[in-house]
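So this one's final-v1.cif, mmCIF, C-alpha atoms:
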```cif
data_upload
#
loop_
_atom_site.label_atom_id
_atom_site.label_comp_id
_atom_site.auth_asym_id
_atom_site.auth_seq_id
_atom_site.Cartn_x
_atom_site.Cartn_y
_atom_site.Cartn_z
CA MET A 1340 29.41 -7.47 -47.91
CA ALA A 1341 32.61 -5.52 -47.38
CA GLY A 1342 33.38 -3.49 -44.26
CA ASP A 1343 33.15 0.18 -43.31
CA GLY A 1344 33.69 2.79 -45.95
CA GLN A 1345 33.15 0.64 -49.04
CA GLU A 1346 30.99 2.26 -51.74
CA LEU A 1347 28.97 0.26 -54.23
CA ASP A 1348 27.43 1.75 -57.37
CA PHE A 1349 23.85 1.14 -58.51
CA ASP A 1350 21.33 2.80 -60.74
CA LEU A 1351 18.67 2.61 -58.03
CA VAL A 1352 18.65 2.06 -54.29
CA VAL A 1353 15.26 1.36 -52.72
CA ILE A 1354 14.85 1.86 -48.99
CA GLY A 1355 12.02 -0.40 -47.89
CA GLY A 1356 10.92 -3.84 -49.07
CA GLY A 1357 7.16 -3.46 -48.84
CA SER A 1358 4.74 -3.47 -51.75
CA GLY A 1359 5.88 -0.12 -53.17
CA GLY A 1360 9.58 -0.77 -52.72
CA LEU A 1361 9.41 -4.22 -54.26
CA ALA A 1362 7.39 -2.91 -57.21
CA ALA A 1363 9.95 -0.17 -57.88
CA ALA A 1364 12.85 -2.62 -57.64
CA PHE A 1365 11.30 -5.26 -59.87
CA ARG A 1366 10.18 -2.83 -62.58
CA ALA A 1367 13.53 -1.00 -62.63
CA ALA A 1368 15.37 -4.33 -62.94
CA GLU A 1369 13.09 -5.29 -65.85
CA HIS A 1370 14.38 -2.18 -67.61
CA GLY A 1371 17.98 -3.28 -67.03
CA ALA A 1372 18.76 -1.08 -64.02
CA ARG A 1373 21.22 -2.19 -61.37
CA VAL A 1374 19.15 -2.25 -58.21
CA ALA A 1375 19.76 -2.64 -54.49
CA MET A 1376 16.94 -2.86 -51.96
CA LEU A 1377 17.25 -2.43 -48.19
CA GLU A 1378 14.75 -4.11 -45.87
CA PRO A 1379 15.55 -5.17 -42.29
CA GLY A 1380 12.34 -7.12 -41.73
CA GLU A 1381 10.15 -9.54 -43.63
CA LEU A 1382 9.58 -8.78 -47.29
CA GLY A 1383 6.17 -7.43 -48.22
CA GLY A 1384 5.87 -4.74 -45.57
CA THR A 1385 2.60 -4.02 -43.80
CA CYS A 1386 0.36 -5.46 -46.52
CA VAL A 1387 1.80 -8.96 -46.48
CA ASN A 1388 2.73 -9.22 -42.81
CA ALA A 1389 0.28 -7.11 -40.78
CA GLY A 1390 -2.28 -5.74 -43.22
CA CYS A 1391 -4.09 -6.68 -46.41
CA VAL A 1392 -3.11 -10.34 -46.63
CA PRO A 1393 -3.59 -11.61 -43.05
CA LYS A 1394 -6.58 -9.28 -42.66
CA LYS A 1395 -8.26 -10.76 -45.74
CA ALA A 1396 -7.50 -14.25 -44.44
CA MET A 1397 -9.28 -13.46 -41.17
CA TRP A 1398 -12.13 -11.79 -43.08
CA LEU A 1399 -12.58 -14.95 -45.11
CA ALA A 1400 -12.70 -17.00 -41.91
CA ALA A 1401 -15.34 -14.62 -40.55
CA ARG A 1402 -17.34 -14.86 -43.78
CA ILE A 1403 -17.30 -18.65 -43.55
CA ALA A 1404 -18.57 -18.39 -39.98
CA GLY A 1405 -21.42 -16.21 -41.22
CA ASP A 1406 -22.23 -18.63 -44.01
CA ILE A 1407 -22.39 -21.52 -41.53
CA GLY A 1408 -24.87 -19.52 -39.49
CA LEU A 1409 -27.00 -18.88 -42.57
CA ALA A 1410 -26.77 -22.56 -43.54
CA ALA A 1411 -28.37 -23.58 -40.26
CA GLN A 1412 -31.27 -21.21 -40.94
CA LEU A 1413 -31.73 -22.69 -44.41
CA GLY A 1414 -32.07 -26.28 -43.28
CA PHE A 1415 -28.51 -27.57 -43.20
CA ALA A 1416 -27.48 -29.61 -40.16
CA ALA A 1417 -24.84 -27.08 -39.16
CA GLY A 1418 -23.78 -26.44 -35.60
CA ALA A 1419 -22.58 -23.20 -34.08
CA PRO A 1420 -19.60 -21.89 -36.09
CA THR A 1421 -16.41 -22.08 -34.03
CA LEU A 1422 -12.89 -21.43 -35.26
CA ASP A 1423 -9.74 -23.14 -34.07
CA TRP A 1424 -7.62 -20.00 -34.35
CA CYS A 1425 -4.30 -21.81 -33.99
CA GLU A 1426 -5.19 -24.19 -36.81
CA PHE A 1427 -6.32 -21.32 -39.03
CA ILE A 1428 -3.23 -19.23 -38.22
CA THR A 1429 -1.09 -22.16 -39.37
CA HIS A 1430 -2.73 -21.95 -42.79
CA ARG A 1431 -2.55 -18.13 -42.80
CA GLN A 1432 1.15 -18.04 -42.00
CA ARG A 1433 1.94 -20.82 -44.48
CA TYR A 1434 0.31 -18.68 -47.17
CA ILE A 1435 2.37 -15.65 -46.11
CA ALA A 1436 5.59 -17.72 -45.98
CA ASN A 1437 4.96 -18.74 -49.58
CA ILE A 1438 4.71 -15.06 -50.54
CA HIS A 1439 8.04 -14.36 -48.80
CA ALA A 1440 9.67 -17.26 -50.65
CA SER A 1441 8.25 -16.05 -53.97
CA TYR A 1442 9.70 -12.57 -53.40
CA ARG A 1443 13.14 -14.01 -52.60
CA ARG A 1444 13.10 -16.12 -55.76
CA ARG A 1445 12.08 -13.14 -57.87
CA LEU A 1446 14.76 -10.91 -56.33
CA ASP A 1447 17.42 -13.51 -57.10
CA ALA A 1448 16.13 -14.03 -60.64
CA ALA A 1449 16.10 -10.29 -61.30
CA GLY A 1450 19.64 -9.81 -59.98
CA ILE A 1451 18.48 -7.35 -57.31
CA VAL A 1452 20.85 -7.01 -54.35
CA ALA A 1453 18.68 -7.47 -51.26
CA VAL A 1454 20.29 -6.07 -48.10
CA SER A 1455 18.86 -7.00 -44.71
CA SER A 1456 19.45 -3.61 -43.15
CA ARG A 1457 17.91 -0.27 -42.44
CA GLY A 1458 19.17 2.58 -44.56
CA ARG A 1459 19.57 6.32 -44.18
CA LEU A 1460 20.37 9.04 -46.63
CA VAL A 1461 23.82 10.58 -46.35
CA ASP A 1462 23.09 12.78 -49.35
CA ALA A 1463 20.84 12.64 -52.40
CA HIS A 1464 22.80 9.77 -53.97
CA THR A 1465 24.25 7.91 -50.99
CA VAL A 1466 22.51 5.47 -48.65
CA GLU A 1467 24.27 4.14 -45.58
CA CYS A 1468 23.48 0.74 -44.07
CA VAL A 1469 23.61 0.16 -40.31
CA ASP A 1470 27.05 -1.51 -40.65
CA GLY A 1471 28.50 1.58 -42.32
CA VAL A 1472 28.49 0.27 -45.88
CA ARG A 1473 27.45 3.02 -48.30
CA LEU A 1474 25.56 2.45 -51.51
CA ARG A 1475 25.65 5.10 -54.22
CA ALA A 1476 23.05 5.44 -56.95
CA ALA A 1477 21.68 7.93 -59.44
CA HIS A 1478 18.25 7.48 -57.89
CA VAL A 1479 16.92 6.62 -54.42
CA VAL A 1480 13.32 5.60 -53.73
CA LEU A 1481 11.97 5.99 -50.21
CA ALA A 1482 9.35 3.31 -49.56
CA THR A 1483 9.42 2.75 -45.80
CA GLY A 1484 5.66 2.73 -45.28
CA GLY A 1485 3.88 3.58 -42.05
CA ARG A 1486 2.88 2.18 -38.68
CA PRO A 1487 -0.18 2.38 -36.40
CA ARG A 1488 -0.57 5.55 -34.37
CA ARG A 1489 -1.30 5.24 -30.66
CA PRO A 1490 -3.13 8.28 -29.23
CA SER A 1491 -1.58 10.39 -26.48
CA ILE A 1492 -4.12 9.69 -23.74
CA PRO A 1493 -3.67 8.41 -20.18
CA GLY A 1494 -3.45 4.63 -20.12
CA ALA A 1495 -2.78 4.32 -23.85
CA GLU A 1496 -0.22 1.61 -23.11
CA LEU A 1497 -3.11 -0.63 -21.99
CA GLY A 1498 -4.53 -0.66 -25.50
CA LEU A 1499 -3.36 -2.62 -28.53
CA VAL A 1500 -2.90 -1.47 -32.13
CA SER A 1501 -3.97 -3.16 -35.33
CA ASP A 1502 -0.63 -4.97 -35.70
CA ASP A 1503 -1.28 -6.69 -32.36
CA PHE A 1504 -4.51 -8.20 -33.68
CA PHE A 1505 -2.46 -10.62 -35.74
CA GLN A 1506 -0.95 -12.04 -32.55
CA PHE A 1507 -4.39 -13.12 -31.28
CA THR A 1508 -4.86 -16.87 -30.90
CA ALA A 1509 -8.55 -16.59 -29.99
CA ALA A 1510 -11.36 -14.09 -30.25
CA PRO A 1511 -11.44 -11.95 -27.06
CA ALA A 1512 -14.77 -12.38 -25.27
CA ARG A 1513 -15.30 -8.62 -25.03
CA VAL A 1514 -13.37 -6.20 -27.22
CA ALA A 1515 -13.48 -2.42 -27.70
CA ILE A 1516 -12.47 -0.84 -31.01
CA ILE A 1517 -11.49 2.83 -30.77
CA GLY A 1518 -11.79 4.45 -34.19
CA GLY A 1519 -14.31 4.44 -37.02
CA GLY A 1520 -12.07 4.37 -40.08
CA TYR A 1521 -11.68 1.41 -42.39
CA ILE A 1522 -9.31 -0.49 -40.07
CA GLY A 1523 -11.64 -0.12 -37.09
CA VAL A 1524 -14.69 -1.08 -39.14
CA GLU A 1525 -12.94 -4.14 -40.58
CA LEU A 1526 -11.68 -5.39 -37.21
CA ALA A 1527 -15.06 -4.85 -35.57
CA GLY A 1528 -16.88 -6.79 -38.27
CA LEU A 1529 -14.64 -9.81 -38.39
CA LEU A 1530 -14.25 -10.08 -34.61
CA GLY A 1531 -18.02 -9.89 -34.23
CA MET A 1532 -18.47 -12.68 -36.79
CA LEU A 1533 -15.85 -14.80 -35.03
CA GLY A 1534 -17.55 -14.64 -31.65
CA SER A 1535 -16.41 -11.49 -29.84
CA GLU A 1536 -18.80 -9.08 -28.19
CA VAL A 1537 -17.71 -5.86 -29.93
CA THR A 1538 -18.13 -2.24 -28.90
CA MET A 1539 -17.00 0.59 -31.18
CA PHE A 1540 -16.10 4.08 -29.97
CA VAL A 1541 -16.17 6.57 -32.85
CA ARG A 1542 -15.11 10.18 -32.42
CA GLY A 1543 -17.32 11.52 -35.20
CA PRO A 1544 -21.05 11.22 -35.97
CA ARG A 1545 -20.58 8.13 -38.17
CA VAL A 1546 -18.08 5.55 -39.28
CA LEU A 1547 -16.12 5.91 -42.53
CA HIS A 1548 -16.49 9.68 -42.74
CA HIS A 1549 -14.66 9.86 -46.09
CA PHE A 1550 -17.13 7.46 -47.72
CA ASP A 1551 -20.69 7.92 -48.93
CA ALA A 1552 -22.82 8.91 -45.92
CA GLU A 1553 -25.82 6.75 -46.86
CA LEU A 1554 -23.74 3.62 -47.28
CA ALA A 1555 -21.90 4.28 -44.03
CA GLY A 1556 -25.25 4.71 -42.29
CA ARG A 1557 -26.57 1.46 -43.75
CA LEU A 1558 -23.40 -0.37 -42.66
CA GLN A 1559 -23.86 0.99 -39.14
CA GLU A 1560 -27.40 -0.36 -39.10
CA ASN A 1561 -26.22 -3.77 -40.32
CA TYR A 1562 -23.58 -3.78 -37.59
CA ARG A 1563 -26.11 -2.93 -34.91
CA GLN A 1564 -28.39 -5.72 -36.13
CA SER A 1565 -25.47 -8.15 -35.90
CA GLY A 1566 -24.87 -7.20 -32.26
CA ILE A 1567 -22.05 -4.65 -32.51
CA ALA A 1568 -22.52 -1.74 -30.09
CA LEU A 1569 -21.77 1.67 -31.62
CA HIS A 1570 -20.95 4.76 -29.57
CA LEU A 1571 -20.79 7.72 -31.97
CA ASP A 1572 -19.53 11.22 -31.18
CA ARG A 1573 -17.45 9.61 -28.45
CA ASP A 1574 -13.91 10.93 -28.03
CA VAL A 1575 -12.16 8.46 -25.73
CA ARG A 1576 -10.14 10.31 -23.11
CA ALA A 1577 -8.40 7.58 -21.12
CA LEU A 1578 -7.95 3.86 -20.52
CA SER A 1579 -7.57 2.34 -17.07
CA ARG A 1580 -7.09 -1.07 -15.54
CA GLY A 1581 -10.34 -2.77 -14.56
CA PRO A 1582 -11.15 -5.90 -12.58
CA GLY A 1583 -8.69 -8.70 -13.20
CA ASP A 1584 -6.79 -8.04 -16.42
CA SER A 1585 -9.62 -6.11 -18.07
CA VAL A 1586 -9.33 -2.57 -19.47
CA CYS A 1587 -11.91 0.16 -18.92
CA VAL A 1588 -12.68 2.99 -21.33
CA ASP A 1589 -13.07 6.45 -19.75
CA GLY A 1590 -13.49 4.92 -16.31
CA ASP A 1591 -16.70 3.08 -17.17
CA GLY A 1592 -17.31 0.10 -14.92
CA GLU A 1593 -17.45 -2.49 -17.69
CA GLY A 1594 -14.08 -3.94 -18.54
CA PHE A 1595 -12.91 -5.26 -21.89
CA ASP A 1596 -10.65 -8.22 -22.48
CA ALA A 1597 -8.92 -6.22 -25.23
CA VAL A 1598 -8.99 -2.63 -26.45
CA LEU A 1599 -7.76 -2.01 -29.99
CA PHE A 1600 -6.76 1.43 -31.25
CA ALA A 1601 -7.60 2.06 -34.91
CA THR A 1602 -6.77 5.75 -34.75
CA GLY A 1603 -4.70 6.28 -37.86
CA ARG A 1604 -1.16 5.62 -39.00
CA ARG A 1605 2.05 7.61 -39.16
CA PRO A 1606 4.85 7.47 -41.76
CA ASN A 1607 8.14 5.71 -41.06
CA THR A 1608 10.44 8.67 -41.67
CA ASP A 1609 12.39 8.62 -38.41
CA GLY A 1610 16.10 7.99 -38.88
CA LEU A 1611 15.98 8.18 -42.68
CA GLY A 1612 18.45 11.05 -42.88
CA LEU A 1613 15.93 13.26 -44.64
CA GLU A 1614 17.23 16.48 -43.11
CA ALA A 1615 20.81 15.69 -44.09
CA ALA A 1616 19.73 15.17 -47.68
CA GLY A 1617 17.41 18.19 -47.71
CA VAL A 1618 14.22 16.17 -48.21
CA GLU A 1619 11.17 18.00 -46.88
CA THR A 1620 8.36 16.49 -44.80
CA ASP A 1621 4.91 17.86 -43.97
CA ALA A 1622 3.44 18.49 -40.53
CA GLY A 1623 2.47 14.81 -40.23
CA GLY A 1624 5.97 13.60 -41.10
CA HIS A 1625 5.13 12.47 -44.63
CA VAL A 1626 7.72 12.91 -47.36
CA CYS A 1627 6.63 15.76 -49.63
CA ILE A 1628 6.39 14.74 -53.30
CA ASP A 1629 5.02 16.14 -56.54
CA ALA A 1630 2.78 14.44 -59.09
CA TRP A 1631 5.79 12.47 -60.40
CA GLN A 1632 6.72 10.96 -56.99
CA ASP A 1633 9.73 13.30 -56.89
CA THR A 1634 10.85 15.04 -53.72
CA GLY A 1635 12.37 18.51 -53.84
CA VAL A 1636 15.82 16.89 -54.05
CA GLU A 1637 16.89 15.72 -57.49
CA GLY A 1638 17.30 11.95 -57.60
CA VAL A 1639 15.25 11.24 -54.46
CA HIS A 1640 11.73 9.87 -54.88
CA ALA A 1641 9.07 8.39 -52.60
CA VAL A 1642 6.10 6.05 -52.96
CA GLY A 1643 3.47 4.53 -50.70
CA ASP A 1644 2.44 5.32 -47.16
CA VAL A 1645 5.59 7.29 -46.41
CA THR A 1646 3.95 10.00 -48.55
CA ASP A 1647 0.59 11.71 -47.98
CA ARG A 1648 -1.06 10.13 -51.02
CA VAL A 1649 -3.80 7.48 -50.98
CA ALA A 1650 -2.65 4.85 -48.47
CA LEU A 1651 -3.48 1.69 -50.41
CA THR A 1652 -1.17 -1.12 -51.45
CA PRO A 1653 -2.23 -1.12 -55.14
CA VAL A 1654 -1.64 2.64 -55.23
CA ALA A 1655 1.91 2.24 -53.94
CA ILE A 1656 2.57 -0.51 -56.49
CA ALA A 1657 1.10 1.44 -59.40
CA ALA A 1658 2.98 4.63 -58.50
CA ALA A 1659 6.26 2.73 -58.10
CA ARG A 1660 5.95 0.97 -61.45
CA ARG A 1661 5.22 4.19 -63.28
CA LEU A 1662 8.13 5.89 -61.55
CA ALA A 1663 10.49 3.11 -62.66
CA ASP A 1664 9.08 3.26 -66.19
CA ARG A 1665 9.87 6.97 -66.31
CA LEU A 1666 13.33 6.75 -64.76
CA PHE A 1667 14.59 3.64 -66.53
CA GLY A 1668 12.09 2.64 -69.22
CA GLY A 1669 12.09 5.76 -71.36
CA VAL A 1670 8.41 6.56 -70.71
CA ALA A 1671 8.81 10.27 -70.08
CA ASP A 1672 5.19 10.96 -69.15
CA ALA A 1673 4.65 7.96 -66.86
CA LYS A 1674 2.95 8.95 -63.62
CA LEU A 1675 0.01 7.71 -61.60
CA ASP A 1676 -3.39 9.32 -62.03
CA TYR A 1677 -4.67 9.57 -58.46
CA GLU A 1678 -8.24 10.31 -59.53
CA ASP A 1679 -10.99 7.68 -59.40
CA ILE A 1680 -9.07 5.05 -57.44
CA PRO A 1681 -11.34 2.14 -56.46
CA THR A 1682 -11.17 0.81 -52.91
CA VAL A 1683 -12.92 -1.75 -50.72
CA VAL A 1684 -13.58 -1.80 -47.00
CA PHE A 1685 -13.67 -5.45 -45.96
CA SER A 1686 -16.53 -4.97 -43.56
CA HIS A 1687 -19.41 -7.42 -43.19
CA PRO A 1688 -20.83 -6.96 -45.76
CA PRO A 1689 -18.05 -5.25 -47.72
CA LEU A 1690 -18.28 -1.69 -48.99
CA ALA A 1691 -16.74 -0.81 -52.36
CA THR A 1692 -16.41 2.64 -53.86
CA VAL A 1693 -14.86 4.52 -56.76
CA GLY A 1694 -15.15 8.14 -57.83
CA LEU A 1695 -17.03 11.02 -56.25
CA THR A 1696 -19.51 10.91 -53.42
CA ALA A 1697 -22.69 12.88 -54.04
CA ASP A 1698 -21.58 15.61 -51.64
CA ARG A 1699 -18.22 15.99 -53.36
CA ALA A 1700 -19.87 15.97 -56.80
CA ARG A 1701 -22.13 18.85 -55.74
CA GLU A 1702 -19.11 20.81 -54.52
CA LEU A 1703 -17.39 20.39 -57.87
CA HIS A 1704 -20.30 20.57 -60.30
CA GLY A 1705 -23.17 22.28 -58.47
CA SER A 1706 -26.31 20.68 -57.08
CA ASP A 1707 -28.33 21.00 -60.28
CA ALA A 1708 -25.78 19.00 -62.30
CA VAL A 1709 -25.70 16.00 -59.92
CA HIS A 1710 -28.10 13.05 -60.21
CA GLU A 1711 -28.26 10.13 -57.77
CA TYR A 1712 -29.68 6.65 -58.36
CA ARG A 1713 -30.16 3.95 -55.73
CA ALA A 1714 -30.91 0.26 -55.44
CA ASP A 1715 -31.92 -0.79 -51.91
CA PHE A 1716 -32.45 -4.54 -51.58
CA ARG A 1717 -31.68 -7.80 -49.80
CA ASP A 1718 -29.34 -10.10 -51.69
CA MET A 1719 -30.81 -13.49 -52.53
CA LEU A 1720 -29.02 -15.50 -49.83
CA HIS A 1721 -30.06 -13.20 -46.99
CA ALA A 1722 -33.58 -12.96 -48.37
CA LEU A 1723 -33.82 -16.76 -48.47
CA ALA A 1724 -32.63 -16.93 -44.87
CA ASP A 1725 -34.96 -14.04 -43.95
CA VAL A 1726 -32.06 -12.11 -42.42
CA PRO A 1727 -32.57 -8.32 -42.20
CA GLN A 1728 -29.15 -7.38 -43.64
CA ARG A 1729 -29.70 -5.09 -46.63
CA SER A 1730 -27.53 -3.98 -49.54
CA LEU A 1731 -27.38 -0.44 -50.88
CA PHE A 1732 -25.97 0.48 -54.30
CA LYS A 1733 -25.63 4.07 -55.51
CA LEU A 1734 -24.65 5.81 -58.72
CA VAL A 1735 -23.60 9.46 -58.78
CA CYS A 1736 -23.95 11.01 -62.24
CA VAL A 1737 -23.11 14.50 -63.46
CA GLY A 1738 -24.15 16.69 -66.35
CA ALA A 1739 -26.82 16.40 -69.01
CA GLU A 1740 -25.18 13.26 -70.39
CA ARG A 1741 -25.38 11.61 -66.92
CA ARG A 1742 -21.68 10.69 -66.87
CA VAL A 1743 -21.07 8.24 -64.05
CA ALA A 1744 -18.82 10.04 -61.57
CA GLY A 1745 -19.22 7.75 -58.57
CA ILE A 1746 -20.16 4.13 -57.87
CA HIS A 1747 -20.80 3.14 -54.25
CA LEU A 1748 -21.75 -0.41 -53.32
CA LEU A 1749 -22.52 -2.05 -49.98
CA GLY A 1750 -23.39 -5.73 -50.00
CA GLU A 1751 -22.17 -9.27 -50.48
CA GLY A 1752 -19.72 -9.70 -53.34
CA VAL A 1753 -19.16 -6.01 -54.05
CA ASP A 1754 -15.41 -6.44 -53.44
CA GLU A 1755 -15.35 -8.50 -56.64
CA ILE A 1756 -18.08 -6.59 -58.50
CA LEU A 1757 -16.47 -3.15 -58.44
CA GLN A 1758 -13.27 -3.79 -60.42
CA GLY A 1759 -14.89 -3.98 -63.84
CA PHE A 1760 -17.21 -1.07 -63.20
CA ALA A 1761 -14.19 0.97 -62.04
CA VAL A 1762 -12.66 0.51 -65.49
CA ALA A 1763 -15.89 1.70 -67.08
CA LEU A 1764 -16.05 4.78 -64.84
CA LYS A 1765 -12.43 5.61 -65.65
CA LYS A 1766 -13.31 5.48 -69.35
CA GLY A 1767 -16.21 7.91 -68.98
CA ILE A 1768 -19.22 5.61 -69.04
CA THR A 1769 -22.68 7.20 -68.88
CA LEU A 1770 -25.90 6.08 -67.27
CA ASP A 1771 -27.29 5.21 -70.72
CA ASP A 1772 -24.25 2.97 -71.33
CA LEU A 1773 -25.08 1.04 -68.17
CA ARG A 1774 -28.75 0.77 -69.11
CA ASP A 1775 -27.80 -0.48 -72.58
CA THR A 1776 -25.97 -3.41 -70.96
CA VAL A 1777 -28.01 -6.60 -70.50
CA ALA A 1778 -28.24 -7.64 -66.84
CA ILE A 1779 -26.93 -10.95 -65.51
CA HIS A 1780 -29.82 -12.44 -63.54
CA PRO A 1781 -30.21 -13.24 -60.72
CA THR A 1782 -27.22 -11.40 -59.25
CA SER A 1783 -26.57 -8.40 -57.07
CA ALA A 1784 -24.33 -6.93 -59.78
CA GLU A 1785 -27.29 -6.53 -62.14
CA GLU A 1786 -28.62 -3.76 -59.90
CA VAL A 1787 -25.84 -1.47 -61.20
CA VAL A 1788 -27.19 -1.62 -64.75
CA LEU A 1789 -30.87 -1.57 -63.78
CA MET A 1790 -31.01 1.63 -61.70
CA ARG A 1791 -33.51 4.24 -62.82
#
```

Would you encode the structure as structure tokens?
Amino acid sequence: MAGDGQELDFDLVVIGGGSGGLAAAFRAAEHGARVAMLEPGELGGTCVNAGCVPKKAMWLAARIAGDIGLAAQLGFAAGAPTLDWCEFITHRQRYIANIHASYRRRLDAAGIVAVSSRGRLVDAHTVECVDGVRLRAAHVVLATGGRPRRPSIPGAELGLVSDDFFQFTAAPARVAIIGGGYIGVELAGLLGMLGSEVTMFVRGPRVLHHFDAELAGRLQENYRQSGIALHLDRDVRALSRGPGDSVCVDGDGEGFDAVLFATGRRPNTDGLGLEAAGVETDAGGHVCIDAWQDTGVEGVHAVGDVTDRVALTPVAIAAARRLADRLFGGVADAKLDYEDIPTVVFSHPPLATVGLTADRARELHGSDAVHEYRADFRDMLHALADVPQRSLFKLVCVGAERRVAGIHLLGEGVDEILQGFAVALKKGITLDDLRDTVAIHPTSAEEVVLMR
């Protein structure tokens, strides 16, 4: 690339090579746009490198460990499940390296100029690389994602964040998880399954406070039965050094081998030149956008976790593709519908949800218009093994026609079950439609169409 002061012209410059940035770049290139993308680190952002992908890999390892334990109870000659972390990490990182290589091939094939550099806005149509090279474009997409937030408490430097989990080469003997959101719940579950003694400290009265309260309560009970200690309504004030290299929480005598903060994330907006370009941010530092992913500055757009919208990889991808379709594909009304987005918490067992909780449905439609249906059961494998873990499925319906407004599932396999039902909910399915569907037996999924 040429030296200081050179200006290159593109139709689109994307700052950030995570899921949202890559999706915007690829879709714009499909429409014939000239695209440049700036990313100083590994392609794929948080999802591929320190989020969805390695997390799911570790969750799968934990699930296998659980299955081995069940196998022993069912008569198989299975010993205690132990994981050679270094061996497994080799497979995990090979998988991720293949994703990186696939992205590079696709970027080359699409003719996208990939620049290994940070970028900052000089104005609405100019992005400057760290070496001074300036790229000009009609449109700029901000897709720089977010990072874990470390709380401002004494001794916070003694704790780790979720990114640090992926540097583990063994399960810590005793680990504390501070936070009860989906990241904390996921880390607690998989570490417990892989052999750690896990203690959770949750500031509120329950985990997963944005999710259905009954399912969250059932998950808490399943966690307690599996040996995870839960301290609710516990606002951690400080960390301190304990005996040896251990870390104590709030001065308690017991020390932990590791303390992990799962206390939220913050957007990567520092050093982006937003003020110079006139791009507004909210109190949390998120880039302010409208329903079309547009900022208040013409030609500057944002997708993904750098905004205050739903912080999920598929959401960033979907929003980015629709943005590119509108800007370069001639689809004038293309924008993401942020209602009824399905999501899964990869707990043990997983929790999957789409649509309204019962409480939210009552707020919107009134108590008399809301109808709830439940299926409370043990899935077949855990019933065979006589393990107390229970599943809980719920439907939230509204109106005289019993339109399905929410589907909430906790149990084995619900991460795969929900996708099809999410399509049905999006299309306005009713309770009678579900009941008119013949069940697949014996499965857990059949409970969704059998509720009365």

Counting all atoms listed in the file, what is within 10 Å of Asp1591 (chain A), bar same-chain residues fewer than 3 positions away, as an MDAnalysis selection string? chainID A and resid 1578:1579 1581 1586:1588 1594

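When only C-alpha atoms are used to compute distances to Asn1561 (chain A), the closest of the residues A:Arg1513, A:Arg1473, A:Arg1717, A:Arg1373 turns out to be A:Arg1717.
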
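Separating CA of Ala1440 (chain A) from CA of Phe1349 (chain A) is a distance of 24.5 Å.
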
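Minimum distance to His1439 (chain A) across A:Pro1490, A:Glu1785, A:Leu1599, A:Cys1386 (counting only C-alpha atoms) occurs at A:Cys1386.
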
Output check: residues returned by the PyMOL selection byres ((chain A and resi 1601) around 9), as a CSV table (one decimal) with C-alpha atoms, in the frame of the given file:
```
chain,number,residue,atom,x,y,z
A,1487,PRO,CA,-0.2,2.4,-36.4
A,1488,ARG,CA,-0.6,5.6,-34.4
A,1489,ARG,CA,-1.3,5.2,-30.7
A,1499,LEU,CA,-3.4,-2.6,-28.5
A,1500,VAL,CA,-2.9,-1.5,-32.1
A,1501,SER,CA,-4.0,-3.2,-35.3
A,1516,ILE,CA,-12.5,-0.8,-31.0
A,1517,ILE,CA,-11.5,2.8,-30.8
A,1518,GLY,CA,-11.8,4.4,-34.2
A,1519,GLY,CA,-14.3,4.4,-37.0
A,1520,GLY,CA,-12.1,4.4,-40.1
A,1521,TYR,CA,-11.7,1.4,-42.4
A,1522,ILE,CA,-9.3,-0.5,-40.1
A,1523,GLY,CA,-11.6,-0.1,-37.1
A,1524,VAL,CA,-14.7,-1.1,-39.1
A,1526,LEU,CA,-11.7,-5.4,-37.2
A,1599,LEU,CA,-7.8,-2.0,-30.0
A,1600,PHE,CA,-6.8,1.4,-31.2
A,1602,THR,CA,-6.8,5.8,-34.8
A,1603,GLY,CA,-4.7,6.3,-37.9
A,1604,ARG,CA,-1.2,5.6,-39.0
```

Fewer than 2 positions away in the same chain doesn't count, so skip those; otherwise give me all residues within 8 Å of Trp1631 (chain A), counting all atoms listed in the file, as JSON, numbers by chain. {"A": [1628, 1629, 1633, 1662, 1673, 1674, 1675]}

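Evaluated against the shown file, the PyMOL selection byres ((chain A and resi 1685) around 9) gives Lys1394, Lys1395, Trp1398, Tyr1521, Ile1522, Val1524, Glu1525, Leu1526, Gly1528, Leu1529, Val1683, Val1684, Ser1686, His1687, Pro1688, Pro1689, Leu1690, Ala1691 and Asp1754 of chain A.
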
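In this model, the gap between CA of Phe1540 (chain A) and CA of Arg1563 (chain A) comes to 13.2 Å.
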
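Closest approach to Cys1468 (chain A) from the set A:Arg1545, A:Asp1725, A:Met1376, A:Ala1389 is made by A:Met1376, with distances taken over all atoms listed in the file.
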
Given the choices A:Leu1399, A:Val1737, A:Leu1413, A:Val1469, which gets closest to Arg1431 (chain A) if the distance is worked out from all atoms listed in the file? A:Leu1399

Compare A:Ala1400, A:Leu1382, A:Ala1510, A:Leu1446 by their minimum atom-to-atom distance to Gly1359 (chain A), counting all atoms listed in the file, and give me the closest one. A:Leu1382

Which neighbours of Gly1405 (chain A) fall inside 9 Å, counting all atoms listed in the file, when residues of the same chain fewer than 3 positions from it are skipped, and could you give them as a list in words? Ala1400, Ala1401, Arg1402, Gly1408, Leu1409, Ala1410, Pro1420, Met1532 and Leu1533 of chain A

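Checking A:Ser1455, A:Gln1632, A:Thr1769, A:Asn1437 one by one against Ala1657 (chain A), counting all atoms listed in the file, you find the shortest gap at A:Gln1632.
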
Would you translate the PyMOL selection byres ((chain A and resi 1536) around 9) into the concrete set of residues it matches in this file, as a PyMOL selection string? chain A and resi 1511-1515+1530-1531+1534-1535+1537-1538+1566-1568

Just need region 1761-1765 of chain A in a file, please: C-alpha atoms, as a compact mmCIF listing (two decimals), in the first residue's frame.
```
# COMPACT_ATOMS: atom_id res chain seq x y z
CA ALA A 1761 -39.28 -19.68 15.55
CA VAL A 1762 -40.24 -19.54 11.87
CA ALA A 1763 -43.77 -20.60 12.77
CA LEU A 1764 -44.05 -17.95 15.49
CA LYS A 1765 -42.79 -15.29 13.09
```
